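To keep things clear, I will list the structure first and then write my remarks on it.
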Amino acid sequence: MSEPTEVLAAAPPPPGPSEAPPPARRSVAARATLAGTVVSLLLIAAIVLGSRLLRDFDSALLPYAVATVFLAFGVAYRYTVWVSAPGARRLFKKGFGSFFSAANFKKAPTALPKMIATYLGFQKFLGARSRARWAAHQLIFWGCLLAAAITFPLTWGWFTFTSDSGSGPGYEMRIWGFKVLGFNALDILGWLMFHGLDIAAVLVIPGACYFLWRRMKDRGAITGQRFAYDLLPLICLIVISVTGLLLTFSSIFLHGGGYESLAILHMVSVVFTLIYIPFGKFFHIVQRPAAVGMQLFKYTARQDEQVFPCKRCGEPVDTAPYVENLRGTMKDLDLGFDSWAEYCPRCKRVLRGTAYLAHVKKGFK
């Protein structure tokens, strides 16, 4: 089968960094700043209202609450900047369009819950790469999720634990001032309630240590890693988890010895990590739901048998809507080789080699 002349003419040059004109950059920055400000103000309002006009707000947790406000601003700012790029904007529109599509739900009503469980929750795509990496990622994911589910509401004053006797063992858990649960601190449920953060720390430490060890030993990981982007987040997770466990150790076995110093170190590490999240590797946590929508977008297209065949060998490349979306992204970015999206990976390598032999190698005699 004949190859298109635009493919054989020359192998595509690597896309260079194209800077947006200053007005465009200023426009994106202004929108991102506005989004961050609005989200931060909404969170502050939610903290005030959820804590019953700060009656349930613990002033000792003020640094943590302030850090979450900065976290909200950073996430909204970075997300707005991200979705302003042509490729991310298409991913966002297609992903969330499929996520909330009634037509997709009618075609495959179980697809969305299944993808949320397998792609977001259990991340089966990581298991195909390495079982050890999958297990470590699961430990970090569920540990951080448990810690966030406990820490954030407590920090904001949404959850409170009160005792009529002042020192237990009977406690009441209240959400927004309403009693939802009564428990005894000396039984299993009470122990789990009071040591949930310790359990989260025990989950996070081995997972983070595995990835830190891998990044120090694996040659492929060492080649492209950056300290601030790849290593610092793991170190922060370990410091937070270890200091949290030491706080429990101090209160139980040392009668509070060294507790204040450990509390300050723990607070500093948590505040730093929360502020760092939007600008580091952990930002992918916020991006992942859009990828779930894109997987659903491709899945529903396969259900309709909308498969795009390779123009050279006829093997399936991907779904036709996905290939069209990819071509549109390349056109938006003005890359100049959007026709390459119509070929399978093997044929792309063959065409690049053919182009090299025909137009580059022949110049060397």
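Note on naming: chains are A, B, ... as they come in the structure tokens, residues start from 1 per chain, ligands start from 1 in the order shown.
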Q: Identify, on the basis of only C-alpha atoms, every residue whose closest approach to Ala85 of chain A does not exceed 12 Å; exclude the query and any residue fewer than 2 positions from it along the same chain; express the result as a PyMOL selection string.
A: chain A and resi 18-20+24-25+28+78-83+87-93+329-330+332-333
(Q) as a list in words, please: the residues near segment 209-217 of chain A (cut-off 9 Å, only C-alpha atoms, same-chain neighbours under 5 positions excluded). (A) Ala132, Arg133, Ala136, His137, Val204, Ile222, Gln225, Asp230, Leu231, Leu234, Ile235 and Ile238 of chain A
Output all heavy atoms of each residue in that selection to a file, as an mmCIF file, in the first residue's frame.
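Wrote it out as again_24.cif, contents follow:
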```
data_model
loop_
_atom_site.group_PDB
_atom_site.id
_atom_site.type_symbol
_atom_site.label_atom_id
_atom_site.label_comp_id
_atom_site.auth_asym_id
_atom_site.auth_seq_id
_atom_site.Cartn_x
_atom_site.Cartn_y
_atom_site.Cartn_z
ATOM 1 N N ALA A 132 4.836 -5.089 41.963
ATOM 2 C CA ALA A 132 5.406 -4.412 43.125
ATOM 3 C C ALA A 132 5.047 -2.926 43.104
ATOM 4 O O ALA A 132 4.682 -2.349 44.135
ATOM 5 C CB ALA A 132 6.922 -4.594 43.151
ATOM 6 N N ARG A 133 5.168 -2.289 41.935
ATOM 7 C CA ARG A 133 4.817 -0.872 41.819
ATOM 8 C C ARG A 133 3.326 -0.668 42.077
ATOM 9 O O ARG A 133 2.933 0.317 42.703
ATOM 10 C CB ARG A 133 5.193 -0.350 40.435
ATOM 11 C CG ARG A 133 6.689 -0.226 40.210
ATOM 12 C CD ARG A 133 7.010 0.123 38.775
ATOM 13 N NE ARG A 133 6.475 1.422 38.396
ATOM 14 C CZ ARG A 133 6.542 1.922 37.173
ATOM 15 N NH1 ARG A 133 7.122 1.224 36.199
ATOM 16 N NH2 ARG A 133 6.038 3.111 36.910
ATOM 17 N N ALA A 136 2.746 -0.961 45.887
ATOM 18 C CA ALA A 136 3.252 0.225 46.581
ATOM 19 C C ALA A 136 2.354 1.427 46.331
ATOM 20 O O ALA A 136 2.081 2.216 47.245
ATOM 21 C CB ALA A 136 4.682 0.522 46.137
ATOM 22 N N HIS A 137 1.892 1.574 45.102
ATOM 23 C CA HIS A 137 1.011 2.690 44.776
ATOM 24 C C HIS A 137 -0.315 2.558 45.511
ATOM 25 O O HIS A 137 -0.889 3.566 45.969
ATOM 26 C CB HIS A 137 0.781 2.743 43.263
ATOM 27 C CG HIS A 137 0.293 4.060 42.771
ATOM 28 N ND1 HIS A 137 -1.021 4.450 42.870
ATOM 29 C CD2 HIS A 137 0.940 5.089 42.185
ATOM 30 C CE1 HIS A 137 -1.169 5.652 42.352
ATOM 31 N NE2 HIS A 137 0.004 6.078 41.944
ATOM 32 N N VAL A 204 1.298 4.155 54.278
ATOM 33 C CA VAL A 204 2.067 5.042 53.392
ATOM 34 C C VAL A 204 3.561 4.749 53.452
ATOM 35 O O VAL A 204 4.242 4.750 52.413
ATOM 36 C CB VAL A 204 1.798 6.520 53.759
ATOM 37 C CG1 VAL A 204 2.807 7.434 53.072
ATOM 38 C CG2 VAL A 204 0.380 6.904 53.363
ATOM 39 N N ILE A 222 16.503 6.626 37.541
ATOM 40 C CA ILE A 222 17.544 7.608 37.870
ATOM 41 C C ILE A 222 17.789 8.558 36.710
ATOM 42 O O ILE A 222 18.031 9.756 36.897
ATOM 43 C CB ILE A 222 18.844 6.874 38.256
ATOM 44 C CG1 ILE A 222 18.657 6.122 39.570
ATOM 45 C CG2 ILE A 222 20.010 7.839 38.367
ATOM 46 C CD1 ILE A 222 19.829 5.240 39.944
ATOM 47 N N GLN A 225 14.892 11.390 36.577
ATOM 48 C CA GLN A 225 14.253 11.928 37.768
ATOM 49 C C GLN A 225 14.822 13.289 38.159
ATOM 50 O O GLN A 225 15.965 13.626 37.843
ATOM 51 C CB GLN A 225 14.396 10.955 38.932
ATOM 52 C CG GLN A 225 15.796 10.858 39.511
ATOM 53 C CD GLN A 225 15.871 9.773 40.579
ATOM 54 O OE1 GLN A 225 14.936 9.030 40.818
ATOM 55 N NE2 GLN A 225 17.014 9.666 41.237
ATOM 56 N N ASP A 230 10.394 14.363 41.814
ATOM 57 C CA ASP A 230 10.232 12.925 42.009
ATOM 58 C C ASP A 230 10.568 12.443 43.424
ATOM 59 O O ASP A 230 9.898 11.549 43.946
ATOM 60 C CB ASP A 230 11.113 12.158 41.009
ATOM 61 C CG ASP A 230 10.683 12.385 39.569
ATOM 62 O OD1 ASP A 230 9.549 12.014 39.243
ATOM 63 O OD2 ASP A 230 11.466 12.947 38.788
ATOM 64 N N LEU A 231 11.603 13.005 44.041
ATOM 65 C CA LEU A 231 12.054 12.506 45.331
ATOM 66 C C LEU A 231 11.435 13.255 46.512
ATOM 67 O O LEU A 231 11.078 12.641 47.522
ATOM 68 C CB LEU A 231 13.589 12.593 45.414
ATOM 69 C CG LEU A 231 14.353 11.768 44.379
ATOM 70 C CD1 LEU A 231 15.851 11.969 44.565
ATOM 71 C CD2 LEU A 231 14.007 10.295 44.485
ATOM 72 N N LEU A 234 8.033 12.028 47.974
ATOM 73 C CA LEU A 234 8.151 10.773 48.727
ATOM 74 C C LEU A 234 8.767 11.022 50.105
ATOM 75 O O LEU A 234 8.320 10.454 51.116
ATOM 76 C CB LEU A 234 9.007 9.778 47.942
ATOM 77 C CG LEU A 234 8.443 9.340 46.585
ATOM 78 C CD1 LEU A 234 9.472 8.508 45.835
ATOM 79 C CD2 LEU A 234 7.150 8.546 46.774
ATOM 80 N N ILE A 235 9.783 11.883 50.148
ATOM 81 C CA ILE A 235 10.411 12.212 51.432
ATOM 82 C C ILE A 235 9.402 12.883 52.356
ATOM 83 O O ILE A 235 9.337 12.586 53.557
ATOM 84 C CB ILE A 235 11.642 13.116 51.198
ATOM 85 C CG1 ILE A 235 12.719 12.341 50.431
ATOM 86 C CG2 ILE A 235 12.194 13.625 52.523
ATOM 87 C CD1 ILE A 235 13.897 13.186 50.003
ATOM 88 N N ILE A 238 7.036 10.337 53.863
ATOM 89 C CA ILE A 238 7.684 9.546 54.909
ATOM 90 C C ILE A 238 7.832 10.360 56.185
ATOM 91 O O ILE A 238 7.570 9.867 57.294
ATOM 92 C CB ILE A 238 9.060 9.036 54.410
ATOM 93 C CG1 ILE A 238 8.863 8.038 53.250
ATOM 94 C CG2 ILE A 238 9.831 8.383 55.545
ATOM 95 C CD1 ILE A 238 10.150 7.628 52.577
#
```
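Shortest separation to Ala185 of chain A among A:Ile199, A:Pro169, A:Arg129, A:Leu262 occurs at residue A:Pro169, atoms counted being only C-alpha atoms.
For the pair atom CA of Tyr229 of chain A and atom CA of Phe141 of chain A, the interatomic distance is 17.8 Å.
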Segment 244-329 of chain A residues near segment 109-120 of chain A within 12 Å, closest pair each, using only C-alpha atoms, as JSON lines:
```
{"residue": "A:His284", "atom": "CA", "partner": "A:Leu120", "partner_atom": "CA", "distance": 11.5}
{"residue": "A:Ile285", "atom": "CA", "partner": "A:Leu120", "partner_atom": "CA", "distance": 9.3}
{"residue": "A:Val286", "atom": "CA", "partner": "A:Leu120", "partner_atom": "CA", "distance": 11.1}
{"residue": "A:Gln287", "atom": "CA", "partner": "A:Leu120", "partner_atom": "CA", "distance": 10.9}
{"residue": "A:Arg288", "atom": "CA", "partner": "A:Leu120", "partner_atom": "CA", "distance": 7.3}
{"residue": "A:Pro289", "atom": "CA", "partner": "A:Leu120", "partner_atom": "CA", "distance": 7.4}
{"residue": "A:Ala290", "atom": "CA", "partner": "A:Leu120", "partner_atom": "CA", "distance": 10.6}
{"residue": "A:Ala291", "atom": "CA", "partner": "A:Tyr119", "partner_atom": "CA", "distance": 9.0}
{"residue": "A:Val292", "atom": "CA", "partner": "A:Tyr119", "partner_atom": "CA", "distance": 6.8}
{"residue": "A:Gly293", "atom": "CA", "partner": "A:Leu112", "partner_atom": "CA", "distance": 8.4}
{"residue": "A:Met294", "atom": "CA", "partner": "A:Met115", "partner_atom": "CA", "distance": 10.6}
{"residue": "A:Gln295", "atom": "CA", "partner": "A:Met115", "partner_atom": "CA", "distance": 8.0}
{"residue": "A:Leu296", "atom": "CA", "partner": "A:Leu112", "partner_atom": "CA", "distance": 6.9}
{"residue": "A:Phe297", "atom": "CA", "partner": "A:Leu112", "partner_atom": "CA", "distance": 10.3}
{"residue": "A:Lys298", "atom": "CA", "partner": "A:Ala111", "partner_atom": "CA", "distance": 11.3}
{"residue": "A:Tyr299", "atom": "CA", "partner": "A:Ala111", "partner_atom": "CA", "distance": 8.2}
{"residue": "A:Thr300", "atom": "CA", "partner": "A:Ala111", "partner_atom": "CA", "distance": 8.6}
{"residue": "A:Gln303", "atom": "CA", "partner": "A:Ala111", "partner_atom": "CA", "distance": 10.8}
```
Write out the residues from the selection above, keeping N, CA and C atoms, as a PDB file, in the first residue's frame.
```pdb
ATOM      1  N   HIS A 284      -1.126  15.000  39.661  1.00  0.00           N
ATOM      2  CA  HIS A 284      -1.794  14.026  38.795  1.00  0.00           C
ATOM      3  C   HIS A 284      -3.027  13.434  39.476  1.00  0.00           C
ATOM      4  N   ILE A 285      -3.111  13.547  40.814  1.00  0.00           N
ATOM      5  CA  ILE A 285      -4.305  13.076  41.518  1.00  0.00           C
ATOM      6  C   ILE A 285      -5.527  13.853  41.045  1.00  0.00           C
ATOM      7  N   VAL A 286      -5.351  15.159  40.813  1.00  0.00           N
ATOM      8  CA  VAL A 286      -6.444  16.018  40.377  1.00  0.00           C
ATOM      9  C   VAL A 286      -6.763  15.784  38.904  1.00  0.00           C
ATOM     10  N   GLN A 287      -5.759  15.432  38.128  1.00  0.00           N
ATOM     11  CA  GLN A 287      -5.955  15.233  36.685  1.00  0.00           C
ATOM     12  C   GLN A 287      -6.600  13.884  36.355  1.00  0.00           C
ATOM     13  N   ARG A 288      -6.442  12.902  37.220  1.00  0.00           N
ATOM     14  CA  ARG A 288      -6.831  11.536  36.886  1.00  0.00           C
ATOM     15  C   ARG A 288      -8.293  11.355  36.505  1.00  0.00           C
ATOM     16  N   PRO A 289      -9.268  12.039  37.149  1.00  0.00           N
ATOM     17  CA  PRO A 289     -10.671  11.838  36.744  1.00  0.00           C
ATOM     18  C   PRO A 289     -10.932  12.155  35.274  1.00  0.00           C
ATOM     19  N   ALA A 290     -10.246  13.140  34.702  1.00  0.00           N
ATOM     20  CA  ALA A 290     -10.422  13.440  33.277  1.00  0.00           C
ATOM     21  C   ALA A 290      -9.959  12.265  32.427  1.00  0.00           C
ATOM     22  N   ALA A 291      -8.899  11.576  32.865  1.00  0.00           N
ATOM     23  CA  ALA A 291      -8.415  10.404  32.131  1.00  0.00           C
ATOM     24  C   ALA A 291      -9.434   9.269  32.195  1.00  0.00           C
ATOM     25  N   VAL A 292     -10.141   9.156  33.314  1.00  0.00           N
ATOM     26  CA  VAL A 292     -11.194   8.139  33.420  1.00  0.00           C
ATOM     27  C   VAL A 292     -12.284   8.417  32.388  1.00  0.00           C
ATOM     28  N   GLY A 293     -12.642   9.694  32.250  1.00  0.00           N
ATOM     29  CA  GLY A 293     -13.629  10.066  31.236  1.00  0.00           C
ATOM     30  C   GLY A 293     -13.164   9.729  29.833  1.00  0.00           C
ATOM     31  N   MET A 294     -11.863   9.922  29.556  1.00  0.00           N
ATOM     32  CA  MET A 294     -11.340   9.581  28.233  1.00  0.00           C
ATOM     33  C   MET A 294     -11.388   8.073  28.000  1.00  0.00           C
ATOM     34  N   GLN A 295     -11.091   7.274  29.035  1.00  0.00           N
ATOM     35  CA  GLN A 295     -11.203   5.824  28.895  1.00  0.00           C
ATOM     36  C   GLN A 295     -12.642   5.418  28.599  1.00  0.00           C
ATOM     37  N   LEU A 296     -13.599   6.089  29.239  1.00  0.00           N
ATOM     38  CA  LEU A 296     -15.011   5.820  28.972  1.00  0.00           C
ATOM     39  C   LEU A 296     -15.374   6.236  27.553  1.00  0.00           C
ATOM     40  N   PHE A 297     -14.816   7.347  27.105  1.00  0.00           N
ATOM     41  CA  PHE A 297     -15.021   7.832  25.735  1.00  0.00           C
ATOM     42  C   PHE A 297     -14.571   6.786  24.714  1.00  0.00           C
ATOM     43  N   LYS A 298     -13.417   6.171  24.949  1.00  0.00           N
ATOM     44  CA  LYS A 298     -12.906   5.144  24.046  1.00  0.00           C
ATOM     45  C   LYS A 298     -13.713   3.847  24.166  1.00  0.00           C
ATOM     46  N   TYR A 299     -14.121   3.515  25.397  1.00  0.00           N
ATOM     47  CA  TYR A 299     -14.854   2.270  25.615  1.00  0.00           C
ATOM     48  C   TYR A 299     -16.208   2.287  24.904  1.00  0.00           C
ATOM     49  N   THR A 300     -16.950   3.376  25.025  1.00  0.00           N
ATOM     50  CA  THR A 300     -18.268   3.449  24.388  1.00  0.00           C
ATOM     51  C   THR A 300     -18.149   3.446  22.863  1.00  0.00           C
ATOM     52  N   GLN A 303     -17.822  -0.067  21.835  1.00  0.00           N
ATOM     53  CA  GLN A 303     -19.110  -0.748  21.891  1.00  0.00           C
ATOM     54  C   GLN A 303     -19.887  -0.546  20.597  1.00  0.00           C
TER      55      GLN A 303
END
```
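Every residue of segment 67-302 of chain A found in strand (DSSP E or B) when DSSP is run on the backbone appears here: A:Phe159, A:Thr160, A:Phe161, A:Thr162, A:Gly170, A:Tyr171, A:Glu172, A:Met173, A:Arg174, A:Ile175, A:Phe178, A:Lys179, A:Val180, A:Leu181, A:Gly182, A:Phe183, A:Asn184.
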Just to be explicit: take each residue in the selection above, keep all heavy atoms, and write the result as a CSV table (one decimal), in the first residue's frame.
```csv
chain,number,residue,atom,x,y,z
A,159,PHE,N,-15.9,17.9,61.8
A,159,PHE,CA,-16.0,16.7,62.7
A,159,PHE,C,-15.5,17.1,64.1
A,159,PHE,O,-14.5,17.8,64.2
A,159,PHE,CB,-15.1,15.5,62.2
A,159,PHE,CG,-15.6,14.8,61.0
A,159,PHE,CD1,-16.7,15.2,60.3
A,159,PHE,CD2,-14.9,13.7,60.6
A,159,PHE,CE1,-17.1,14.6,59.1
A,159,PHE,CE2,-15.3,13.0,59.4
A,159,PHE,CZ,-16.4,13.4,58.7
A,160,THR,N,-16.3,16.7,65.1
A,160,THR,CA,-15.8,16.9,66.4
A,160,THR,C,-16.1,15.6,67.3
A,160,THR,O,-17.0,14.9,67.0
A,160,THR,CB,-16.6,18.1,67.1
A,160,THR,OG1,-18.0,17.8,67.0
A,160,THR,CG2,-16.3,19.4,66.4
A,161,PHE,N,-15.2,15.4,68.3
A,161,PHE,CA,-15.4,14.3,69.2
A,161,PHE,C,-15.5,14.9,70.6
A,161,PHE,O,-14.6,15.6,71.1
A,161,PHE,CB,-14.2,13.4,69.1
A,161,PHE,CG,-14.0,12.7,67.8
A,161,PHE,CD1,-13.2,13.3,66.8
A,161,PHE,CD2,-14.6,11.5,67.5
A,161,PHE,CE1,-13.1,12.7,65.6
A,161,PHE,CE2,-14.5,10.9,66.3
A,161,PHE,CZ,-13.7,11.5,65.3
A,162,THR,N,-16.6,14.6,71.2
A,162,THR,CA,-16.9,15.2,72.5
A,162,THR,C,-17.2,14.1,73.5
A,162,THR,O,-17.7,13.0,73.1
A,162,THR,CB,-18.1,16.1,72.5
A,162,THR,OG1,-19.3,15.5,72.0
A,162,THR,CG2,-17.8,17.3,71.6
A,170,GLY,N,-16.4,7.2,77.0
A,170,GLY,CA,-17.5,7.4,76.0
A,170,GLY,C,-17.4,8.7,75.2
A,170,GLY,O,-17.2,9.7,75.8
A,171,TYR,N,-17.5,8.5,73.9
A,171,TYR,CA,-17.3,9.7,73.0
A,171,TYR,C,-18.5,9.8,72.0
A,171,TYR,O,-19.1,8.7,71.7
A,171,TYR,CB,-16.0,9.7,72.3
A,171,TYR,CG,-14.8,10.1,73.1
A,171,TYR,CD1,-14.1,9.1,73.8
A,171,TYR,CD2,-14.4,11.4,73.2
A,171,TYR,CE1,-13.0,9.4,74.6
A,171,TYR,CE2,-13.3,11.7,74.0
A,171,TYR,CZ,-12.6,10.7,74.6
A,171,TYR,OH,-11.5,11.1,75.4
A,172,GLU,N,-18.8,11.0,71.6
A,172,GLU,CA,-19.7,11.2,70.5
A,172,GLU,C,-19.0,11.9,69.3
A,172,GLU,O,-18.3,12.8,69.5
A,172,GLU,CB,-20.9,12.1,71.0
A,172,GLU,CG,-21.8,11.5,72.0
A,172,GLU,CD,-22.9,12.4,72.4
A,172,GLU,OE1,-22.9,13.6,71.9
A,172,GLU,OE2,-23.8,12.0,73.1
A,173,MET,N,-19.3,11.3,68.1
A,173,MET,CA,-18.8,11.9,66.9
A,173,MET,C,-19.9,12.8,66.3
A,173,MET,O,-21.0,12.3,66.1
A,173,MET,CB,-18.3,10.8,65.9
A,173,MET,CG,-17.9,11.4,64.6
A,173,MET,SD,-17.4,10.1,63.5
A,173,MET,CE,-17.0,11.0,62.0
A,174,ARG,N,-19.6,14.0,66.1
A,174,ARG,CA,-20.6,14.9,65.5
A,174,ARG,C,-20.1,15.5,64.2
A,174,ARG,O,-18.9,15.8,64.0
A,174,ARG,CB,-20.9,16.1,66.5
A,174,ARG,CG,-21.6,15.6,67.7
A,174,ARG,CD,-21.9,16.8,68.7
A,174,ARG,NE,-22.6,16.4,69.9
A,174,ARG,CZ,-23.9,16.3,70.0
A,174,ARG,NH1,-24.6,16.8,69.0
A,174,ARG,NH2,-24.5,15.9,71.1
A,175,ILE,N,-21.0,15.6,63.2
A,175,ILE,CA,-20.7,16.2,61.9
A,175,ILE,C,-21.6,17.4,61.8
A,175,ILE,O,-22.8,17.3,61.8
A,175,ILE,CB,-20.9,15.2,60.8
A,175,ILE,CG1,-20.0,14.0,60.9
A,175,ILE,CG2,-20.6,15.9,59.4
A,175,ILE,CD1,-20.1,13.0,59.8
A,178,PHE,N,-24.2,17.7,64.4
A,178,PHE,CA,-25.2,16.7,64.6
A,178,PHE,C,-24.5,15.4,65.0
A,178,PHE,O,-23.5,15.0,64.4
A,178,PHE,CB,-26.0,16.5,63.3
A,178,PHE,CG,-26.8,17.6,62.8
A,178,PHE,CD1,-26.3,18.5,61.8
A,178,PHE,CD2,-28.0,17.9,63.4
A,178,PHE,CE1,-27.0,19.6,61.4
A,178,PHE,CE2,-28.8,19.0,63.0
A,178,PHE,CZ,-28.2,19.9,62.0
A,179,LYS,N,-25.1,14.7,66.0
A,179,LYS,CA,-24.5,13.5,66.4
A,179,LYS,C,-24.8,12.4,65.4
A,179,LYS,O,-25.9,12.2,65.0
A,179,LYS,CB,-25.1,13.1,67.8
A,179,LYS,CG,-24.6,11.7,68.3
A,179,LYS,CD,-25.3,11.3,69.6
A,179,LYS,CE,-24.8,9.9,70.0
A,179,LYS,NZ,-25.5,9.5,71.3
A,180,VAL,N,-23.7,11.7,65.0
A,180,VAL,CA,-23.8,10.6,64.1
A,180,VAL,C,-23.4,9.3,64.6
A,180,VAL,O,-23.7,8.2,64.1
A,180,VAL,CB,-23.0,10.9,62.8
A,180,VAL,CG1,-23.6,12.1,62.0
A,180,VAL,CG2,-21.5,11.1,63.1
A,181,LEU,N,-22.6,9.3,65.7
A,181,LEU,CA,-22.0,8.0,66.2
A,181,LEU,C,-21.6,8.2,67.7
A,181,LEU,O,-21.0,9.2,68.0
A,181,LEU,CB,-20.8,7.6,65.4
A,181,LEU,CG,-20.2,6.3,65.7
A,181,LEU,CD1,-21.1,5.1,65.5
A,181,LEU,CD2,-18.9,6.1,64.9
A,182,GLY,N,-21.9,7.2,68.5
A,182,GLY,CA,-21.4,7.2,69.8
A,182,GLY,C,-20.6,5.9,70.0
A,182,GLY,O,-20.9,4.9,69.4
A,183,PHE,N,-19.4,6.0,70.7
A,183,PHE,CA,-18.5,4.9,70.7
A,183,PHE,C,-17.7,4.9,72.0
A,183,PHE,O,-17.6,6.0,72.7
A,183,PHE,CB,-17.6,4.8,69.5
A,183,PHE,CG,-16.7,6.0,69.4
A,183,PHE,CD1,-15.4,6.0,69.9
A,183,PHE,CD2,-17.1,7.1,68.7
A,183,PHE,CE1,-14.6,7.1,69.8
A,183,PHE,CE2,-16.3,8.2,68.5
A,183,PHE,CZ,-15.0,8.2,69.1
A,184,ASN,N,-17.2,3.8,72.4
A,184,ASN,CA,-16.3,3.7,73.5
A,184,ASN,C,-14.9,3.6,73.1
A,184,ASN,O,-14.5,2.8,72.3
A,184,ASN,CB,-16.7,2.4,74.3
A,184,ASN,CG,-16.0,2.3,75.7
A,184,ASN,OD1,-14.8,2.7,75.8
A,184,ASN,ND2,-16.6,1.8,76.7
```
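Ranking A:Ala103, A:Ala72, A:Gly328, A:Tyr259 by their shortest atom-to-atom distance to Leu41 of chain A, with only C-alpha atoms included, puts A:Ala72 first.
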(Q) From a backbone DSSP assignment, name each residue in segment 276-342 of chain A labelled alpha helix (DSSP H), as number ranges by chain. (A) A: 276, 284-303, 320-332
Store the residues of this selection in a file with N, CA and C atoms, as a short mmCIF file (atom, residue, chain, number, x, y, z; two decimals), in the first residue's frame.
```cif
data_model
loop_
_atom_site.label_atom_id
_atom_site.label_comp_id
_atom_site.auth_asym_id
_atom_site.auth_seq_id
_atom_site.Cartn_x
_atom_site.Cartn_y
_atom_site.Cartn_z
N TYR A 276 2.67 22.35 48.52
CA TYR A 276 3.49 21.87 47.39
C TYR A 276 2.69 21.03 46.39
N HIS A 284 -1.13 15.00 39.66
CA HIS A 284 -1.79 14.03 38.80
C HIS A 284 -3.03 13.43 39.48
N ILE A 285 -3.11 13.55 40.81
CA ILE A 285 -4.30 13.08 41.52
C ILE A 285 -5.53 13.85 41.05
N VAL A 286 -5.35 15.16 40.81
CA VAL A 286 -6.44 16.02 40.38
C VAL A 286 -6.76 15.78 38.90
N GLN A 287 -5.76 15.43 38.13
CA GLN A 287 -5.96 15.23 36.68
C GLN A 287 -6.60 13.88 36.36
N ARG A 288 -6.44 12.90 37.22
CA ARG A 288 -6.83 11.54 36.89
C ARG A 288 -8.29 11.35 36.51
N PRO A 289 -9.27 12.04 37.15
CA PRO A 289 -10.67 11.84 36.74
C PRO A 289 -10.93 12.16 35.27
N ALA A 290 -10.25 13.14 34.70
CA ALA A 290 -10.42 13.44 33.28
C ALA A 290 -9.96 12.27 32.43
N ALA A 291 -8.90 11.58 32.86
CA ALA A 291 -8.42 10.40 32.13
C ALA A 291 -9.43 9.27 32.20
N VAL A 292 -10.14 9.16 33.31
CA VAL A 292 -11.19 8.14 33.42
C VAL A 292 -12.28 8.42 32.39
N GLY A 293 -12.64 9.69 32.25
CA GLY A 293 -13.63 10.07 31.24
C GLY A 293 -13.16 9.73 29.83
N MET A 294 -11.86 9.92 29.56
CA MET A 294 -11.34 9.58 28.23
C MET A 294 -11.39 8.07 28.00
N GLN A 295 -11.09 7.27 29.04
CA GLN A 295 -11.20 5.82 28.89
C GLN A 295 -12.64 5.42 28.60
N LEU A 296 -13.60 6.09 29.24
CA LEU A 296 -15.01 5.82 28.97
C LEU A 296 -15.37 6.24 27.55
N PHE A 297 -14.82 7.35 27.11
CA PHE A 297 -15.02 7.83 25.73
C PHE A 297 -14.57 6.79 24.71
N LYS A 298 -13.42 6.17 24.95
CA LYS A 298 -12.91 5.14 24.05
C LYS A 298 -13.71 3.85 24.17
N TYR A 299 -14.12 3.52 25.40
CA TYR A 299 -14.85 2.27 25.62
C TYR A 299 -16.21 2.29 24.90
N THR A 300 -16.95 3.38 25.03
CA THR A 300 -18.27 3.45 24.39
C THR A 300 -18.15 3.45 22.86
N ALA A 301 -17.05 4.02 22.35
CA ALA A 301 -16.84 3.99 20.91
C ALA A 301 -16.58 2.56 20.44
N ARG A 302 -15.86 1.78 21.25
CA ARG A 302 -15.62 0.37 20.90
C ARG A 302 -16.92 -0.42 20.93
N GLN A 303 -17.82 -0.07 21.84
CA GLN A 303 -19.11 -0.75 21.89
C GLN A 303 -19.89 -0.55 20.60
N ALA A 320 -12.28 5.32 16.27
CA ALA A 320 -12.30 6.42 15.30
C ALA A 320 -12.48 7.78 15.98
N PRO A 321 -13.39 7.95 16.96
CA PRO A 321 -13.50 9.25 17.63
C PRO A 321 -12.22 9.66 18.34
N TYR A 322 -11.50 8.69 18.91
CA TYR A 322 -10.26 9.02 19.61
C TYR A 322 -9.19 9.50 18.63
N VAL A 323 -9.06 8.81 17.48
CA VAL A 323 -8.08 9.22 16.47
C VAL A 323 -8.42 10.61 15.94
N GLU A 324 -9.70 10.87 15.71
CA GLU A 324 -10.11 12.19 15.24
C GLU A 324 -9.81 13.26 16.28
N ASN A 325 -10.02 12.92 17.54
CA ASN A 325 -9.71 13.86 18.62
C ASN A 325 -8.21 14.13 18.68
N LEU A 326 -7.39 13.09 18.48
CA LEU A 326 -5.94 13.25 18.48
C LEU A 326 -5.48 14.12 17.32
N ARG A 327 -6.06 13.90 16.16
CA ARG A 327 -5.71 14.73 15.00
C ARG A 327 -6.09 16.18 15.26
N GLY A 328 -7.24 16.40 15.86
CA GLY A 328 -7.65 17.76 16.17
C GLY A 328 -6.69 18.44 17.13
N THR A 329 -6.20 17.69 18.11
CA THR A 329 -5.24 18.25 19.06
C THR A 329 -3.95 18.64 18.35
N MET A 330 -3.48 17.77 17.44
CA MET A 330 -2.25 18.08 16.70
C MET A 330 -2.43 19.32 15.83
N LYS A 331 -3.61 19.47 15.24
CA LYS A 331 -3.88 20.66 14.44
C LYS A 331 -3.91 21.91 15.31
N ASP A 332 -4.52 21.79 16.49
CA ASP A 332 -4.56 22.93 17.41
C ASP A 332 -3.16 23.38 17.80
#
```
Q: Quick one: pull the distance between atom CA of Ala128 of chain A and atom CA of Ile205 of chain A, Å, one decimal.
A: 23.2 Å
Q) Got a sec: who's within 8 Å of Gln138 of chain A, counting only C-alpha atoms, leaving out chain neighbours fewer than 5 positions off, as number ranges by chain? A) A: 122-123, 207
Could you write out that same residue set with C-alpha atoms as a compact mmCIF listing (two decimals), in the first residue's frame?
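Heads up, here's the output in part39.txt:
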```
# COMPACT_ATOMS: atom_id res chain seq x y z
CA PHE A 122 -7.42 -0.11 42.19
CA GLN A 123 -5.39 1.32 39.25
CA GLY A 207 4.82 2.31 49.72
```
Q.
With only C-alpha atoms as the counted atoms, please give the residues lying no more than 12 Å from Leu246 of chain A, apart from itself and same-chain residues fewer than 3 positions off, as a PyMOL selection string.
A. chain A and resi 197-198+201-202+239-243+249-254+256-263+265-266
